[in-house]
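Asks: Data: protein_35.txt, compact mmCIF, N, CA and C atoms.
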# COMPACT_ATOMS: atom_id res chain seq x y z
N GLN O 545 7.47 43.99 -120.02
CA GLN O 545 6.37 44.40 -119.15
C GLN O 545 5.95 43.20 -118.29
N VAL O 546 5.82 43.44 -117.00
CA VAL O 546 5.45 42.37 -116.08
C VAL O 546 3.93 42.25 -116.03
N GLN O 547 3.45 41.03 -116.08
CA GLN O 547 2.01 40.79 -116.00
C GLN O 547 1.76 39.55 -115.16
N LEU O 548 0.81 39.65 -114.24
CA LEU O 548 0.36 38.52 -113.43
C LEU O 548 -1.10 38.25 -113.79
N VAL O 549 -1.39 37.02 -114.15
CA VAL O 549 -2.74 36.65 -114.55
C VAL O 549 -3.26 35.56 -113.63
N GLU O 550 -4.39 35.84 -112.99
CA GLU O 550 -5.00 34.89 -112.06
C GLU O 550 -6.15 34.16 -112.74
N SER O 551 -6.42 32.97 -112.24
CA SER O 551 -7.55 32.19 -112.72
C SER O 551 -7.99 31.24 -111.62
N GLY O 552 -9.17 30.66 -111.80
CA GLY O 552 -9.63 29.63 -110.88
C GLY O 552 -10.72 30.05 -109.93
N GLY O 553 -11.08 31.32 -109.91
CA GLY O 553 -12.15 31.74 -109.02
C GLY O 553 -13.51 31.29 -109.53
N GLY O 554 -14.53 31.51 -108.70
CA GLY O 554 -15.87 31.12 -109.10
C GLY O 554 -16.80 31.02 -107.93
N LEU O 555 -17.95 30.41 -108.19
CA LEU O 555 -18.97 30.20 -107.17
C LEU O 555 -18.88 28.75 -106.68
N VAL O 556 -18.85 28.59 -105.37
CA VAL O 556 -18.75 27.25 -104.78
C VAL O 556 -19.61 27.19 -103.54
N GLN O 557 -20.14 26.01 -103.24
CA GLN O 557 -20.95 25.85 -102.03
C GLN O 557 -20.07 25.74 -100.80
N PRO O 558 -20.61 26.09 -99.65
CA PRO O 558 -19.83 25.90 -98.41
C PRO O 558 -19.36 24.45 -98.29
N GLY O 559 -18.10 24.32 -97.86
CA GLY O 559 -17.48 23.00 -97.77
C GLY O 559 -16.77 22.56 -99.02
N GLY O 560 -16.95 23.30 -100.09
CA GLY O 560 -16.32 22.95 -101.36
C GLY O 560 -14.88 23.42 -101.46
N SER O 561 -14.30 23.20 -102.64
CA SER O 561 -12.90 23.52 -102.88
C SER O 561 -12.73 24.29 -104.18
N LEU O 562 -11.69 25.10 -104.21
CA LEU O 562 -11.26 25.79 -105.42
C LEU O 562 -9.73 25.84 -105.42
N ARG O 563 -9.17 25.92 -106.61
CA ARG O 563 -7.72 26.09 -106.74
C ARG O 563 -7.46 27.32 -107.59
N LEU O 564 -6.84 28.32 -106.99
CA LEU O 564 -6.47 29.53 -107.71
C LEU O 564 -5.07 29.39 -108.28
N SER O 565 -4.88 29.96 -109.45
CA SER O 565 -3.58 29.98 -110.09
C SER O 565 -3.21 31.41 -110.45
N CYS O 566 -1.92 31.68 -110.43
CA CYS O 566 -1.41 33.00 -110.83
C CYS O 566 -0.12 32.77 -111.59
N THR O 567 -0.10 33.20 -112.83
CA THR O 567 1.07 33.00 -113.67
C THR O 567 1.65 34.35 -114.08
N ALA O 568 2.97 34.45 -113.94
CA ALA O 568 3.65 35.71 -114.24
C ALA O 568 4.40 35.63 -115.56
N SER O 569 4.47 36.75 -116.24
CA SER O 569 5.30 36.88 -117.43
C SER O 569 6.14 38.14 -117.27
N GLY O 570 7.32 38.12 -117.88
CA GLY O 570 8.19 39.29 -117.83
C GLY O 570 9.15 39.33 -116.66
N ILE O 571 9.14 38.27 -115.82
CA ILE O 571 10.05 38.20 -114.70
C ILE O 571 10.54 36.77 -114.54
N ILE O 572 11.63 36.62 -113.78
CA ILE O 572 12.09 35.30 -113.37
C ILE O 572 11.58 35.11 -111.96
N SER O 573 10.53 34.34 -111.79
CA SER O 573 9.80 34.33 -110.52
C SER O 573 10.55 33.66 -109.38
N SER O 574 11.58 32.88 -109.67
CA SER O 574 12.22 32.08 -108.62
C SER O 574 12.81 32.93 -107.51
N ILE O 575 13.14 34.19 -107.77
CA ILE O 575 13.74 35.04 -106.74
C ILE O 575 12.68 35.78 -105.93
N TYR O 576 11.44 35.67 -106.32
CA TYR O 576 10.38 36.44 -105.69
C TYR O 576 9.70 35.68 -104.55
N GLN O 577 9.32 36.42 -103.52
CA GLN O 577 8.34 35.90 -102.57
C GLN O 577 6.98 36.06 -103.23
N MET O 578 6.09 35.14 -102.95
CA MET O 578 4.77 35.15 -103.57
C MET O 578 3.71 35.12 -102.49
N PHE O 579 2.64 35.85 -102.73
CA PHE O 579 1.58 35.98 -101.73
C PHE O 579 0.21 35.92 -102.39
N TRP O 580 -0.75 35.53 -101.58
CA TRP O 580 -2.15 35.69 -101.91
C TRP O 580 -2.79 36.61 -100.87
N TYR O 581 -3.52 37.60 -101.35
CA TYR O 581 -4.30 38.49 -100.51
C TYR O 581 -5.77 38.36 -100.92
N ARG O 582 -6.65 38.84 -100.06
CA ARG O 582 -8.06 38.90 -100.42
C ARG O 582 -8.69 40.16 -99.85
N GLN O 583 -9.73 40.60 -100.56
CA GLN O 583 -10.45 41.79 -100.14
C GLN O 583 -11.93 41.57 -100.31
N ALA O 584 -12.64 41.60 -99.19
CA ALA O 584 -14.09 41.49 -99.18
C ALA O 584 -14.70 42.88 -99.35
N PRO O 585 -15.93 42.97 -99.81
CA PRO O 585 -16.56 44.28 -100.00
C PRO O 585 -16.55 45.11 -98.73
N GLY O 586 -16.08 46.34 -98.84
CA GLY O 586 -16.07 47.25 -97.71
C GLY O 586 -14.98 47.00 -96.70
N LYS O 587 -14.08 46.07 -97.00
CA LYS O 587 -13.02 45.75 -96.05
C LYS O 587 -11.65 45.99 -96.69
N GLN O 588 -10.61 45.98 -95.86
CA GLN O 588 -9.27 46.17 -96.36
C GLN O 588 -8.76 44.88 -96.98
N ARG O 589 -7.71 45.02 -97.76
CA ARG O 589 -7.06 43.85 -98.37
C ARG O 589 -6.17 43.18 -97.32
N ASP O 590 -6.39 41.89 -97.10
CA ASP O 590 -5.67 41.15 -96.07
C ASP O 590 -4.81 40.05 -96.67
N LEU O 591 -3.69 39.79 -96.00
CA LEU O 591 -2.82 38.69 -96.40
C LEU O 591 -3.47 37.36 -96.07
N VAL O 592 -3.47 36.45 -97.03
CA VAL O 592 -4.02 35.11 -96.82
C VAL O 592 -2.90 34.09 -96.60
N ALA O 593 -1.90 34.14 -97.50
CA ALA O 593 -0.81 33.16 -97.42
C ALA O 593 0.39 33.69 -98.18
N GLY O 594 1.57 33.22 -97.80
CA GLY O 594 2.80 33.60 -98.47
C GLY O 594 3.75 32.44 -98.59
N ILE O 595 4.65 32.51 -99.57
CA ILE O 595 5.67 31.46 -99.75
C ILE O 595 6.95 32.13 -100.21
N THR O 596 8.04 31.79 -99.53
CA THR O 596 9.33 32.38 -99.88
C THR O 596 9.95 31.67 -101.07
N SER O 597 11.05 32.22 -101.56
CA SER O 597 11.76 31.59 -102.67
C SER O 597 12.31 30.23 -102.27
N ALA O 598 12.51 30.01 -100.97
CA ALA O 598 13.00 28.73 -100.48
C ALA O 598 11.87 27.74 -100.20
N GLY O 599 10.64 28.21 -100.29
CA GLY O 599 9.50 27.32 -100.10
C GLY O 599 8.87 27.35 -98.72
N SER O 600 9.34 28.23 -97.85
CA SER O 600 8.69 28.37 -96.54
C SER O 600 7.36 29.08 -96.69
N THR O 601 6.39 28.62 -95.92
CA THR O 601 5.04 29.16 -96.06
C THR O 601 4.53 29.77 -94.77
N ASN O 602 3.57 30.67 -94.89
CA ASN O 602 2.87 31.21 -93.73
C ASN O 602 1.43 31.48 -94.13
N TYR O 603 0.54 31.43 -93.14
CA TYR O 603 -0.90 31.56 -93.40
C TYR O 603 -1.56 32.44 -92.37
N ALA O 604 -2.61 33.11 -92.79
CA ALA O 604 -3.48 33.79 -91.84
C ALA O 604 -4.16 32.75 -90.96
N ASP O 605 -4.40 33.09 -89.71
CA ASP O 605 -5.01 32.13 -88.79
C ASP O 605 -6.35 31.63 -89.31
N SER O 606 -7.07 32.48 -90.01
CA SER O 606 -8.41 32.12 -90.46
C SER O 606 -8.42 31.04 -91.54
N VAL O 607 -7.28 30.78 -92.17
CA VAL O 607 -7.25 29.79 -93.25
C VAL O 607 -6.32 28.62 -92.96
N LYS O 608 -5.62 28.65 -91.84
CA LYS O 608 -4.70 27.55 -91.50
C LYS O 608 -5.44 26.22 -91.46
N GLY O 609 -4.83 25.22 -92.08
CA GLY O 609 -5.43 23.90 -92.11
C GLY O 609 -6.43 23.70 -93.23
N ARG O 610 -6.81 24.79 -93.91
CA ARG O 610 -7.79 24.68 -95.00
C ARG O 610 -7.18 25.07 -96.34
N PHE O 611 -6.29 26.04 -96.34
CA PHE O 611 -5.67 26.54 -97.57
C PHE O 611 -4.22 26.09 -97.64
N THR O 612 -3.73 25.87 -98.86
CA THR O 612 -2.34 25.52 -99.08
C THR O 612 -1.79 26.34 -100.24
N ILE O 613 -0.68 27.04 -99.98
CA ILE O 613 -0.02 27.79 -101.04
C ILE O 613 1.16 26.97 -101.55
N SER O 614 1.38 27.03 -102.86
CA SER O 614 2.50 26.33 -103.47
C SER O 614 2.99 27.14 -104.67
N ARG O 615 4.17 26.79 -105.14
CA ARG O 615 4.74 27.51 -106.27
C ARG O 615 5.40 26.54 -107.24
N ASP O 616 5.48 26.94 -108.49
CA ASP O 616 6.18 26.19 -109.53
C ASP O 616 7.01 27.20 -110.31
N ASP O 617 8.27 27.30 -109.98
CA ASP O 617 9.11 28.33 -110.60
C ASP O 617 9.37 28.04 -112.07
N ALA O 618 9.29 26.79 -112.46
CA ALA O 618 9.47 26.47 -113.88
C ALA O 618 8.34 27.06 -114.72
N LYS O 619 7.20 27.25 -114.08
CA LYS O 619 6.03 27.83 -114.77
C LYS O 619 5.78 29.27 -114.35
N ASN O 620 6.66 29.84 -113.51
CA ASN O 620 6.45 31.21 -113.00
C ASN O 620 5.07 31.35 -112.37
N ALA O 621 4.70 30.36 -111.56
CA ALA O 621 3.33 30.32 -111.05
C ALA O 621 3.27 30.10 -109.55
N VAL O 622 2.19 30.59 -108.97
CA VAL O 622 1.85 30.33 -107.58
C VAL O 622 0.40 29.87 -107.55
N TYR O 623 0.10 28.99 -106.60
CA TYR O 623 -1.23 28.40 -106.50
C TYR O 623 -1.77 28.56 -105.08
N LEU O 624 -3.08 28.53 -104.97
CA LEU O 624 -3.72 28.50 -103.66
C LEU O 624 -4.82 27.46 -103.71
N GLN O 625 -4.59 26.35 -103.04
CA GLN O 625 -5.62 25.31 -102.90
C GLN O 625 -6.47 25.65 -101.70
N MET O 626 -7.76 25.81 -101.93
CA MET O 626 -8.68 26.22 -100.87
C MET O 626 -9.70 25.11 -100.66
N ASN O 627 -9.67 24.54 -99.47
CA ASN O 627 -10.61 23.47 -99.11
C ASN O 627 -11.51 23.92 -97.97
N SER O 628 -12.59 23.19 -97.77
CA SER O 628 -13.53 23.49 -96.68
C SER O 628 -13.91 24.97 -96.68
N LEU O 629 -14.27 25.46 -97.82
CA LEU O 629 -14.57 26.88 -97.96
C LEU O 629 -15.80 27.28 -97.16
N LYS O 630 -15.74 28.50 -96.64
CA LYS O 630 -16.81 29.05 -95.81
C LYS O 630 -17.33 30.34 -96.48
N PRO O 631 -18.55 30.73 -96.16
CA PRO O 631 -19.07 31.98 -96.73
C PRO O 631 -18.16 33.19 -96.45
N GLU O 632 -17.49 33.18 -95.30
CA GLU O 632 -16.61 34.31 -94.97
C GLU O 632 -15.33 34.33 -95.79
N ASP O 633 -15.09 33.31 -96.59
CA ASP O 633 -13.97 33.33 -97.52
C ASP O 633 -14.30 34.10 -98.80
N THR O 634 -15.54 34.51 -98.96
CA THR O 634 -15.95 35.25 -100.14
C THR O 634 -15.19 36.57 -100.23
N ALA O 635 -14.53 36.79 -101.36
CA ALA O 635 -13.70 37.98 -101.56
C ALA O 635 -13.11 37.95 -102.97
N VAL O 636 -12.49 39.05 -103.33
CA VAL O 636 -11.62 39.06 -104.51
C VAL O 636 -10.22 38.69 -104.04
N TYR O 637 -9.64 37.71 -104.69
CA TYR O 637 -8.32 37.21 -104.32
C TYR O 637 -7.28 37.74 -105.31
N TYR O 638 -6.17 38.24 -104.75
CA TYR O 638 -5.11 38.83 -105.55
C TYR O 638 -3.80 38.11 -105.29
N CYS O 639 -3.02 37.86 -106.32
CA CYS O 639 -1.66 37.37 -106.13
C CYS O 639 -0.70 38.56 -106.17
N ASN O 640 0.42 38.37 -105.49
CA ASN O 640 1.41 39.43 -105.36
C ASN O 640 2.80 38.82 -105.35
N PHE O 641 3.68 39.32 -106.19
CA PHE O 641 5.07 38.88 -106.24
C PHE O 641 5.94 40.02 -105.74
N LYS O 642 6.84 39.73 -104.79
CA LYS O 642 7.69 40.78 -104.23
C LYS O 642 9.15 40.35 -104.25
N TYR O 643 10.02 41.31 -104.62
CA TYR O 643 11.47 41.11 -104.51
C TYR O 643 12.09 42.46 -104.19
N ILE O 644 12.57 42.62 -103.01
CA ILE O 644 13.15 43.85 -102.48
C ILE O 644 12.11 44.97 -102.68
N ILE O 645 12.35 45.93 -103.55
CA ILE O 645 11.39 47.03 -103.71
C ILE O 645 10.41 46.78 -104.85
N ARG O 646 10.58 45.68 -105.55
CA ARG O 646 9.67 45.39 -106.66
C ARG O 646 8.45 44.65 -106.12
N SER O 647 7.28 45.07 -106.58
CA SER O 647 6.04 44.44 -106.15
C SER O 647 5.05 44.49 -107.29
N TYR O 648 4.54 43.33 -107.66
CA TYR O 648 3.61 43.22 -108.78
C TYR O 648 2.34 42.53 -108.32
N TRP O 649 1.20 43.01 -108.86
CA TRP O 649 -0.11 42.49 -108.47
C TRP O 649 -0.86 41.94 -109.68
N GLY O 650 -1.66 40.92 -109.41
CA GLY O 650 -2.60 40.45 -110.39
C GLY O 650 -3.85 41.32 -110.38
N GLN O 651 -4.76 41.02 -111.29
CA GLN O 651 -5.98 41.82 -111.44
C GLN O 651 -7.08 41.38 -110.48
N GLY O 652 -6.92 40.24 -109.87
CA GLY O 652 -7.91 39.74 -108.91
C GLY O 652 -8.86 38.74 -109.55
N THR O 653 -9.29 37.79 -108.75
CA THR O 653 -10.28 36.80 -109.18
C THR O 653 -11.31 36.64 -108.07
N GLN O 654 -12.58 36.64 -108.45
CA GLN O 654 -13.66 36.59 -107.47
C GLN O 654 -13.90 35.16 -106.99
N VAL O 655 -13.97 35.01 -105.69
CA VAL O 655 -14.37 33.74 -105.07
C VAL O 655 -15.62 34.01 -104.26
N THR O 656 -16.68 33.29 -104.56
CA THR O 656 -17.94 33.42 -103.84
C THR O 656 -18.34 32.08 -103.27
N VAL O 657 -18.53 32.04 -101.96
CA VAL O 657 -18.92 30.81 -101.28
C VAL O 657 -20.35 31.01 -100.77
N SER O 658 -21.26 30.29 -101.39
CA SER O 658 -22.68 30.48 -101.07
C SER O 658 -23.47 29.25 -101.48
N SER O 659 -24.52 28.98 -100.72
CA SER O 659 -25.41 27.88 -101.06
C SER O 659 -26.59 28.40 -101.89
Represent the structure of the file as structure tokens.
Replies:
Amino acid sequence: QVQLVESGGGLVQPGGSLRLSCTASGIISSIYQMFWYRQAPGKQRDLVAGITSAGSTNYADSVKGRFTISRDDAKNAVYLQMNSLKPEDTAVYYCNFKYIIRSYWGQGTQVTVSS
């Protein structure tokens, strides 16, 4: 059974930093593309960042220069380093692993940016 477990969310002041982690079990993650999405209340789930199996990355314009996605295939994990956080970054963040037609989601972790 495949399971993705996220951690690292919480409450942080504007300008602060958080590091999200997502660890998978039941798969060999090295073949998967990995993504972080977020969903704010009343809004759709949006792509934040992605990383291919080769390590190429892409980011939403709203987080470029502030967020960094990385992966550790030895640990079946993907990370999202979030710096210079803004109130508009407040959302539930989800990790997603994709390989061809297979797609697995984490349960989500809340990030709240507020003073």
Asks: Pick out the residues sitting within 8 Å of Asn627 of chain O, and hand them over as a PyMOL selection string; count only N, CA and C atoms, and ignore anything fewer than 6 positions along from it in its own chain.
Replies: chain O and resi 558-563+609-612
Asks: With N, CA and C atoms retained, export the selected residues as a tab-separated table (two decimals), in the coordinates of the input.
Replies:
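Final output, part_5.tsv:
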chain	number	residue	atom	x	y	z
O	558	PRO	N	-20.61	26.09	-99.65
O	558	PRO	CA	-19.83	25.90	-98.41
O	558	PRO	C	-19.36	24.45	-98.29
O	559	GLY	N	-18.10	24.32	-97.86
O	559	GLY	CA	-17.48	23.00	-97.77
O	559	GLY	C	-16.77	22.56	-99.02
O	560	GLY	N	-16.95	23.30	-100.09
O	560	GLY	CA	-16.32	22.95	-101.36
O	560	GLY	C	-14.88	23.42	-101.46
O	561	SER	N	-14.30	23.20	-102.64
O	561	SER	CA	-12.90	23.52	-102.88
O	561	SER	C	-12.73	24.29	-104.18
O	562	LEU	N	-11.69	25.10	-104.21
O	562	LEU	CA	-11.26	25.79	-105.42
O	562	LEU	C	-9.73	25.84	-105.42
O	563	ARG	N	-9.17	25.92	-106.61
O	563	ARG	CA	-7.72	26.09	-106.74
O	563	ARG	C	-7.46	27.32	-107.59
O	609	GLY	N	-4.83	25.22	-92.08
O	609	GLY	CA	-5.43	23.90	-92.11
O	609	GLY	C	-6.43	23.70	-93.23
O	610	ARG	N	-6.81	24.79	-93.91
O	610	ARG	CA	-7.79	24.68	-95.00
O	610	ARG	C	-7.18	25.07	-96.34
O	611	PHE	N	-6.29	26.04	-96.34
O	611	PHE	CA	-5.67	26.54	-97.57
O	611	PHE	C	-4.22	26.09	-97.64
O	612	THR	N	-3.73	25.87	-98.86
O	612	THR	CA	-2.34	25.52	-99.08
O	612	THR	C	-1.79	26.34	-100.24
Asks: Quick check for you: according to DSSP on this backbone, which residues of segment 567-616 of chain O are classed as strand (DSSP E or B)? Reply as a compact mmCIF listing (two decimals) with N, CA and C atoms, in the frame of the given file.
Replies:
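Now in states-v4.txt:
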# COMPACT_ATOMS: atom_id res chain seq x y z
N THR O 567 -0.10 33.20 -112.83
CA THR O 567 1.07 33.00 -113.67
C THR O 567 1.65 34.35 -114.08
N ALA O 568 2.97 34.45 -113.94
CA ALA O 568 3.65 35.71 -114.24
C ALA O 568 4.40 35.63 -115.56
N SER O 569 4.47 36.75 -116.24
CA SER O 569 5.30 36.88 -117.43
C SER O 569 6.14 38.14 -117.27
N GLN O 577 9.32 36.42 -103.52
CA GLN O 577 8.34 35.90 -102.57
C GLN O 577 6.98 36.06 -103.23
N MET O 578 6.09 35.14 -102.95
CA MET O 578 4.77 35.15 -103.57
C MET O 578 3.71 35.12 -102.49
N PHE O 579 2.64 35.85 -102.73
CA PHE O 579 1.58 35.98 -101.73
C PHE O 579 0.21 35.92 -102.39
N TRP O 580 -0.75 35.53 -101.58
CA TRP O 580 -2.15 35.69 -101.91
C TRP O 580 -2.79 36.61 -100.87
N TYR O 581 -3.52 37.60 -101.35
CA TYR O 581 -4.30 38.49 -100.51
C TYR O 581 -5.77 38.36 -100.92
N ARG O 582 -6.65 38.84 -100.06
CA ARG O 582 -8.06 38.90 -100.42
C ARG O 582 -8.69 40.16 -99.85
N GLN O 583 -9.73 40.60 -100.56
CA GLN O 583 -10.45 41.79 -100.14
C GLN O 583 -11.93 41.57 -100.31
N ASP O 590 -6.39 41.89 -97.10
CA ASP O 590 -5.67 41.15 -96.07
C ASP O 590 -4.81 40.05 -96.67
N LEU O 591 -3.69 39.79 -96.00
CA LEU O 591 -2.82 38.69 -96.40
C LEU O 591 -3.47 37.36 -96.07
N VAL O 592 -3.47 36.45 -97.03
CA VAL O 592 -4.02 35.11 -96.82
C VAL O 592 -2.90 34.09 -96.60
N ALA O 593 -1.90 34.14 -97.50
CA ALA O 593 -0.81 33.16 -97.42
C ALA O 593 0.39 33.69 -98.18
N GLY O 594 1.57 33.22 -97.80
CA GLY O 594 2.80 33.60 -98.47
C GLY O 594 3.75 32.44 -98.59
N ILE O 595 4.65 32.51 -99.57
CA ILE O 595 5.67 31.46 -99.75
C ILE O 595 6.95 32.13 -100.21
N THR O 601 6.39 28.62 -95.92
CA THR O 601 5.04 29.16 -96.06
C THR O 601 4.53 29.77 -94.77
N ASN O 602 3.57 30.67 -94.89
CA ASN O 602 2.87 31.21 -93.73
C ASN O 602 1.43 31.48 -94.13
N TYR O 603 0.54 31.43 -93.14
CA TYR O 603 -0.90 31.56 -93.40
C TYR O 603 -1.56 32.44 -92.37
N PHE O 611 -6.29 26.04 -96.34
CA PHE O 611 -5.67 26.54 -97.57
C PHE O 611 -4.22 26.09 -97.64
N THR O 612 -3.73 25.87 -98.86
CA THR O 612 -2.34 25.52 -99.08
C THR O 612 -1.79 26.34 -100.24
N ILE O 613 -0.68 27.04 -99.98
CA ILE O 613 -0.02 27.79 -101.04
C ILE O 613 1.16 26.97 -101.55
N SER O 614 1.38 27.03 -102.86
CA SER O 614 2.50 26.33 -103.47
C SER O 614 2.99 27.14 -104.67
N ARG O 615 4.17 26.79 -105.14
CA ARG O 615 4.74 27.51 -106.27
C ARG O 615 5.40 26.54 -107.24
N ASP O 616 5.48 26.94 -108.49
CA ASP O 616 6.18 26.19 -109.53
C ASP O 616 7.01 27.20 -110.31
Asks: Select from chain O everything DSSP, run on the backbone, classes as helix (DSSP H, G or I), then give the selection as a VMD selection string.
Replies: chain O and resid 573 to 575 617 to 619 631 to 633
Asks: Got time to write the residues from that selection, N, CA and C atoms, as a JSON list (two decimals), in the frame of the given file?
Replies:
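So the final result, stored in part_12.json, reads:
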[["chain", "number", "residue", "atom", "x", "y", "z"],
["O", 573, "SER", "N", 10.53, 34.34, -111.79],
["O", 573, "SER", "CA", 9.80, 34.33, -110.52],
["O", 573, "SER", "C", 10.55, 33.66, -109.38],
["O", 574, "SER", "N", 11.58, 32.88, -109.67],
["O", 574, "SER", "CA", 12.22, 32.08, -108.62],
["O", 574, "SER", "C", 12.81, 32.93, -107.51],
["O", 575, "ILE", "N", 13.14, 34.19, -107.77],
["O", 575, "ILE", "CA", 13.74, 35.04, -106.74],
["O", 575, "ILE", "C", 12.68, 35.78, -105.93],
["O", 617, "ASP", "N", 8.27, 27.30, -109.98],
["O", 617, "ASP", "CA", 9.11, 28.33, -110.60],
["O", 617, "ASP", "C", 9.37, 28.04, -112.07],
["O", 618, "ALA", "N", 9.29, 26.79, -112.46],
["O", 618, "ALA", "CA", 9.47, 26.47, -113.88],
["O", 618, "ALA", "C", 8.34, 27.06, -114.72],
["O", 619, "LYS", "N", 7.20, 27.25, -114.08],
["O", 619, "LYS", "CA", 6.03, 27.83, -114.77],
["O", 619, "LYS", "C", 5.78, 29.27, -114.35],
["O", 631, "PRO", "N", -18.55, 30.73, -96.16],
["O", 631, "PRO", "CA", -19.07, 31.98, -96.73],
["O", 631, "PRO", "C", -18.16, 33.19, -96.45],
["O", 632, "GLU", "N", -17.49, 33.18, -95.30],
["O", 632, "GLU", "CA", -16.61, 34.31, -94.97],
["O", 632, "GLU", "C", -15.33, 34.33, -95.79],
["O", 633, "ASP", "N", -15.09, 33.31, -96.59],
["O", 633, "ASP", "CA", -13.97, 33.33, -97.52],
["O", 633, "ASP", "C", -14.30, 34.10, -98.80]]
Asks: Using only C-alpha atoms, which residue out of O:Ile595, O:Ala621, O:Leu555, O:Ala584 lies closest to Ile571 of chain O?
Replies: O:Ala621
Asks: Any idea what's packed within 6 Å of segment 640-643 of chain O, counting only C-alpha atoms, ignoring anything in its chain fewer than 3 positions away? Could you give it as a list in words?
Replies: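 Those residues are Tyr576, Gln577, Met578, Phe579, Arg646, Ser647, Tyr648 and Trp649 of chain O.
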Asks: Please dump the current selection as a compact mmCIF listing (two decimals), keeping the file's coordinate frame; keep N, CA and C atoms.
Replies:
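In the end it all went to selection15.txt:
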# COMPACT_ATOMS: atom_id res chain seq x y z
N TYR O 576 11.44 35.67 -106.32
CA TYR O 576 10.38 36.44 -105.69
C TYR O 576 9.70 35.68 -104.55
N GLN O 577 9.32 36.42 -103.52
CA GLN O 577 8.34 35.90 -102.57
C GLN O 577 6.98 36.06 -103.23
N MET O 578 6.09 35.14 -102.95
CA MET O 578 4.77 35.15 -103.57
C MET O 578 3.71 35.12 -102.49
N PHE O 579 2.64 35.85 -102.73
CA PHE O 579 1.58 35.98 -101.73
C PHE O 579 0.21 35.92 -102.39
N ARG O 646 10.58 45.68 -105.55
CA ARG O 646 9.67 45.39 -106.66
C ARG O 646 8.45 44.65 -106.12
N SER O 647 7.28 45.07 -106.58
CA SER O 647 6.04 44.44 -106.15
C SER O 647 5.05 44.49 -107.29
N TYR O 648 4.54 43.33 -107.66
CA TYR O 648 3.61 43.22 -108.78
C TYR O 648 2.34 42.53 -108.32
N TRP O 649 1.20 43.01 -108.86
CA TRP O 649 -0.11 42.49 -108.47
C TRP O 649 -0.86 41.94 -109.68
Asks: When you count only C-alpha atoms, which of these residues is closest to Ala618 of chain O: O:Thr601, O:Ser574, O:Gln583, O:Ser569?
Replies: O:Ser574
